[in-house]
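A.B. asks: Let me give you the structure first, and then I'll get to my questions.
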Amino acid sequence: MATLSVKPGQRFQLPDWHTNNYLLSTNAQLQRDASHQIRQEARVLRNESNNQTIWDEHDNRTRLAERIDTVNRWKEMLDKCLTDLDAEIDALTQMKESAEQNLQAKNLPLDVAIECLTLRESRRDIDVVKDPVEDELHKEVEVIEATKKALQQRISQAFEQLCLLQEVRQQLHSDHRGKMETLEIDRGCLSLNLKSPNISLKVDPTRVPDGSTTLQQWDNFSQFNKDRAEAEMKAARELREAIALTIAETNNELEAQRVAMEFAFRKRLREMEKVYSELKWQEKNTLEEIAELQEDIRHLEEDLRRKFLSLKLSHTRLEARTYRPNVELCRDQAQYGLTDEVHQLQATIAALKQKLAQAQDALDALYKHLARLQADIACKANSMLLDTKCMDTRRKLTVPAEKFVPEVDTFTRTTNRTLSPLKSCQLELA
């Protein structure tokens, strides 16, 4: 008979076996979880560090590019400022030389101004006004006496301003040269990359060099130079304008005042011509309105006459129907209709009479206003002729005396040139 062989040694219980298997599985899972966590953290660290490095380099490259743009904008502004400054120095120098050549006064503008004032005293009625032309003529008389003193003062001011402009130009040029060197360095830094052969570790690269300035100080320095240059150029421009005005007052019989005076004359003549054209247009429209109103009055009178005939017809019918015999004398629809027609015609006739009276009054008012328009048209034509004579007289300031021939003769009022239809009408009215 066979016997069962039993393995010698310790025997474990079944629960111990299950517990051991569970512990092995659990520990394996925990170890895998720990390893997975470390791997994930390592990947996150790599990704984050790579992204941080890439973005830091990108941000600094962007900052470098923006800084280059900022410096370049300042360089371009300084370029323009230097160009404008050089142009202003040249312009002011030329203006100063021109002022030195024009220290003299003329008496002819005074005679012309007095002659123009005398001519304009012949204006009539409402046109005798103190207008800008008269103000300019009086101003011209006053300006002539003070021209030499004003010119000498302007020459001294121009010399002082030229010294200031030269000082500002030196400062701007130094700032501009620094911007050029900075752009060259920063553009070289921007061109570097990881594969550049000339990159290397440096000793204490984050140190702050001696003499470093803040961004605000840097910006304020260039802004101050630019603002000062613009302020000096503005002062120079204002001075040039003042010198040009003073020179013009003495050059070619006070050219500036002559131009201002002729501008005032031309402006006044344009105003007068505009008003004259407006008055002629109003006259034309008034005449047309008078004709239309007269036609409407004729129509009103005709309608009134027809309404009287219609009223007579209605009266006759009503009167005839009063003779109907006995019970036939009834108030029928025909009787009511005729009565309403009489009332309506009487109201219409009253309205027509009232409107006819209004039309007659309006016609009288139009005729009166037409007379005023025509009188003012003649007045404006006379004023335009006088101002045209003044403009012709002022040609003495620009035309040599031996070549001067009046375009408008004071006595015969004839001209040496072909006038516009408006001017011809002015002469005829005058």
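How things are named: the first chain in the structure tokens is A, the next is B, and so on; residues count from 1 in each chain; ligands count from 1 in the order shown.
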When you look at Glu88 in chain A with a cut-off of 9 Å (counting only C-alpha atoms), what residues show up, excluding the ones that are within fewer than 3 positions of it in the same chain? I need them as an MDAnalysis selection string.

C.D. replies: chainID A and resid 83:85 91:93 165 233 236:237

A.B. asks: Hey, can you spit out that residue selection with N, CA and C atoms as a tab-separated table (two decimals), in the first residue's frame?

C.D. replies:
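Just written: result-v8.tsv:
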chain	number	residue	atom	x	y	z
A	83	THR	N	18.99	118.49	-38.53
A	83	THR	CA	18.73	119.05	-39.87
A	83	THR	C	17.96	120.36	-39.77
A	84	ASP	N	16.92	120.33	-38.95
A	84	ASP	CA	16.13	121.55	-38.77
A	84	ASP	C	16.97	122.67	-38.15
A	85	LEU	N	17.83	122.27	-37.22
A	85	LEU	CA	18.66	123.26	-36.55
A	85	LEU	C	19.65	123.90	-37.52
A	91	ALA	N	19.05	129.95	-42.11
A	91	ALA	CA	17.98	130.91	-42.38
A	91	ALA	C	18.13	132.16	-41.55
A	92	LEU	N	18.48	131.98	-40.26
A	92	LEU	CA	18.64	133.15	-39.40
A	92	LEU	C	19.85	133.98	-39.81
A	93	THR	N	20.92	133.30	-40.24
A	93	THR	CA	22.11	134.03	-40.71
A	93	THR	C	21.77	134.87	-41.94
A	165	LEU	N	21.97	128.99	-30.73
A	165	LEU	CA	21.74	127.87	-31.64
A	165	LEU	C	23.00	127.03	-31.85
A	233	MET	N	14.87	126.86	-31.61
A	233	MET	CA	14.46	127.01	-33.01
A	233	MET	C	13.15	127.79	-33.11
A	236	ALA	N	14.02	131.22	-32.66
A	236	ALA	CA	14.68	131.71	-33.88
A	236	ALA	C	13.66	131.97	-34.99
A	237	ARG	N	12.68	131.04	-35.12
A	237	ARG	CA	11.65	131.26	-36.14
A	237	ARG	C	10.85	132.52	-35.86

A.B. asks: I want to know what sits within 8 Å of Tyr276 in chain A, based on only C-alpha atoms, with residues of the same chain fewer than 6 positions away left out; could you give that as an MDAnalysis selection string?

C.D. replies: chainID A and resid 377 380:381

A.B. asks: When you look at Arg169 in chain A with a cut-off of 8 Å (counting only C-alpha atoms), what residues show up, excluding the ones that are within fewer than 3 positions of it in the same chain? I need them as a CSV table (one decimal) with N, CA, C and O atoms, in the first residue's frame.

C.D. replies:
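The resulting around_25.csv:
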chain,number,residue,atom,x,y,z
A,82,LEU,N,18.7,118.0,-35.8
A,82,LEU,CA,19.9,118.6,-36.3
A,82,LEU,C,19.7,119.2,-37.7
A,82,LEU,O,20.3,120.3,-37.9
A,85,LEU,N,17.8,122.3,-37.2
A,85,LEU,CA,18.7,123.3,-36.6
A,85,LEU,C,19.6,123.9,-37.5
A,85,LEU,O,19.8,125.1,-37.5
A,165,LEU,N,22.0,129.0,-30.7
A,165,LEU,CA,21.7,127.9,-31.6
A,165,LEU,C,23.0,127.0,-31.8
A,165,LEU,O,22.9,125.8,-31.9
A,166,GLN,N,24.2,127.7,-31.9
A,166,GLN,CA,25.4,126.9,-32.1
A,166,GLN,C,25.7,126.1,-30.8
A,166,GLN,O,26.2,124.9,-30.9
A,172,LEU,N,23.5,118.6,-29.2
A,172,LEU,CA,22.7,117.6,-29.9
A,172,LEU,C,23.6,116.6,-30.7
A,172,LEU,O,23.4,115.4,-30.8
A,173,HIS,N,24.7,117.2,-31.3
A,173,HIS,CA,25.6,116.3,-32.0
A,173,HIS,C,26.3,115.3,-31.1
A,173,HIS,O,26.5,114.2,-31.5
A,229,ALA,N,16.4,122.4,-28.0
A,229,ALA,CA,16.7,122.7,-29.4
A,229,ALA,C,15.4,123.3,-30.1
A,229,ALA,O,15.4,124.3,-30.8

A.B. asks: From the list A:Glu140, A:Glu283, A:Asp90, A:Glu230, which residue is nearest Pro109 in chain A when using only C-alpha atoms?

C.D. replies: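 Ranked by minimum distance to Pro109 in chain A, first place goes to A:Glu140.
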
A.B. asks: Point out the residue among A:Cys116, A:Ala334, A:Leu345, A:Ile54 with the least atom-to-atom distance to Leu386 in chain A, counting only C-alpha atoms.

C.D. replies: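 Answer, going by the shortest atom-to-atom distance: A:Cys116.
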
A.B. asks: Quick one: of A:Lys139, A:Lys96, A:Arg63, A:Arg39, who's nearest to Ala256 in chain A, counting only C-alpha atoms?

C.D. replies: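 Comparing A:Lys139, A:Lys96, A:Arg63, A:Arg39 against Ala256 in chain A, the winner is A:Lys139.
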
A.B. asks: Skipping near chain neighbours, those fewer than 3 positions away, what residues fall within 10 Å of range 294-308 of chain A using only C-alpha atoms, listed as number ranges by chain?

C.D. replies: A: 288-291, 311-314, 345-346, 348-353, 355-360, 363

A.B. asks: Generate a file of the selected residues that holds N, CA, C and O atoms, formatted as a CSV table (one decimal), in the first residue's frame.

C.D. replies:
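Result file follows (result16.csv):
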chain,number,residue,atom,x,y,z
A,288,GLU,N,-38.2,140.7,-60.4
A,288,GLU,CA,-39.0,139.5,-60.8
A,288,GLU,C,-40.2,139.3,-59.9
A,288,GLU,O,-41.3,139.0,-60.3
A,289,GLU,N,-39.9,139.5,-58.6
A,289,GLU,CA,-41.0,139.4,-57.6
A,289,GLU,C,-42.1,140.4,-57.9
A,289,GLU,O,-43.3,140.1,-57.7
A,290,ILE,N,-41.7,141.6,-58.2
A,290,ILE,CA,-42.7,142.7,-58.5
A,290,ILE,C,-43.5,142.3,-59.7
A,290,ILE,O,-44.7,142.4,-59.7
A,291,ALA,N,-42.8,141.7,-60.8
A,291,ALA,CA,-43.6,141.3,-61.9
A,291,ALA,C,-44.6,140.2,-61.6
A,291,ALA,O,-45.7,140.2,-62.0
A,311,LEU,N,-71.7,135.6,-57.5
A,311,LEU,CA,-72.6,136.1,-56.4
A,311,LEU,C,-73.9,136.7,-57.0
A,311,LEU,O,-75.0,136.4,-56.5
A,312,LYS,N,-73.8,137.4,-58.1
A,312,LYS,CA,-75.0,138.0,-58.7
A,312,LYS,C,-75.9,136.9,-59.2
A,312,LYS,O,-77.1,136.9,-59.1
A,313,LEU,N,-75.3,135.8,-59.8
A,313,LEU,CA,-76.1,134.7,-60.2
A,313,LEU,C,-76.8,134.0,-59.1
A,313,LEU,O,-78.0,133.7,-59.2
A,314,SER,N,-76.2,133.8,-58.0
A,314,SER,CA,-76.8,133.1,-56.8
A,314,SER,C,-77.9,134.0,-56.3
A,314,SER,O,-79.0,133.6,-55.9
A,345,LEU,N,-69.6,132.5,-51.2
A,345,LEU,CA,-69.1,133.5,-52.1
A,345,LEU,C,-68.8,134.8,-51.4
A,345,LEU,O,-67.8,135.5,-51.7
A,346,GLN,N,-69.6,135.2,-50.4
A,346,GLN,CA,-69.4,136.4,-49.7
A,346,GLN,C,-68.1,136.2,-48.9
A,346,GLN,O,-67.3,137.2,-48.8
A,348,THR,N,-65.6,134.2,-49.6
A,348,THR,CA,-64.5,134.2,-50.6
A,348,THR,C,-64.1,135.6,-51.1
A,348,THR,O,-62.9,136.0,-51.2
A,349,ILE,N,-65.1,136.4,-51.4
A,349,ILE,CA,-64.9,137.8,-51.8
A,349,ILE,C,-64.2,138.6,-50.8
A,349,ILE,O,-63.3,139.4,-51.1
A,350,ALA,N,-64.6,138.4,-49.5
A,350,ALA,CA,-63.9,139.2,-48.4
A,350,ALA,C,-62.5,138.7,-48.3
A,350,ALA,O,-61.6,139.6,-48.1
A,351,ALA,N,-62.2,137.4,-48.4
A,351,ALA,CA,-60.8,136.9,-48.3
A,351,ALA,C,-60.0,137.5,-49.5
A,351,ALA,O,-58.8,137.9,-49.4
A,352,LEU,N,-60.6,137.5,-50.7
A,352,LEU,CA,-59.9,138.0,-51.9
A,352,LEU,C,-59.6,139.4,-51.8
A,352,LEU,O,-58.5,139.9,-52.2
A,353,LYS,N,-60.5,140.2,-51.2
A,353,LYS,CA,-60.3,141.6,-51.1
A,353,LYS,C,-59.2,141.9,-50.1
A,353,LYS,O,-58.3,142.8,-50.3
A,355,LYS,N,-56.7,139.8,-49.3
A,355,LYS,CA,-55.5,139.4,-49.9
A,355,LYS,C,-55.0,140.4,-51.0
A,355,LYS,O,-53.8,140.6,-51.2
A,356,LEU,N,-56.0,141.0,-51.7
A,356,LEU,CA,-55.6,142.0,-52.7
A,356,LEU,C,-55.0,143.2,-52.1
A,356,LEU,O,-54.0,143.8,-52.6
A,357,ALA,N,-55.6,143.6,-50.9
A,357,ALA,CA,-55.0,144.7,-50.2
A,357,ALA,C,-53.6,144.4,-49.7
A,357,ALA,O,-52.7,145.3,-49.8
A,358,GLN,N,-53.4,143.2,-49.2
A,358,GLN,CA,-52.1,142.8,-48.8
A,358,GLN,C,-51.1,142.8,-49.9
A,358,GLN,O,-49.9,143.2,-49.8
A,359,ALA,N,-51.6,142.3,-51.1
A,359,ALA,CA,-50.7,142.3,-52.2
A,359,ALA,C,-50.3,143.7,-52.7
A,359,ALA,O,-49.1,144.0,-53.1
A,360,GLN,N,-51.3,144.6,-52.6
A,360,GLN,CA,-51.0,146.0,-53.0
A,360,GLN,C,-49.9,146.6,-52.0
A,360,GLN,O,-49.0,147.3,-52.4
A,363,LEU,N,-46.6,145.2,-52.8
A,363,LEU,CA,-46.1,145.8,-54.0
A,363,LEU,C,-45.5,147.1,-53.7
A,363,LEU,O,-44.4,147.5,-54.2

A.B. asks: Which one of A:Arg321, A:Lys280, A:Arg228, A:Arg46 sits closest to Gln171 in chain A if you count only C-alpha atoms?

C.D. replies: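 Ranked by minimum distance to Gln171 in chain A, first place goes to A:Arg228.
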
A.B. asks: So, with only C-alpha atoms as the atoms that count, which of A:Val112, A:Ser196, A:Ala260, A:Arg270 lies closest to Lys396 in chain A?

C.D. replies: A:Val112
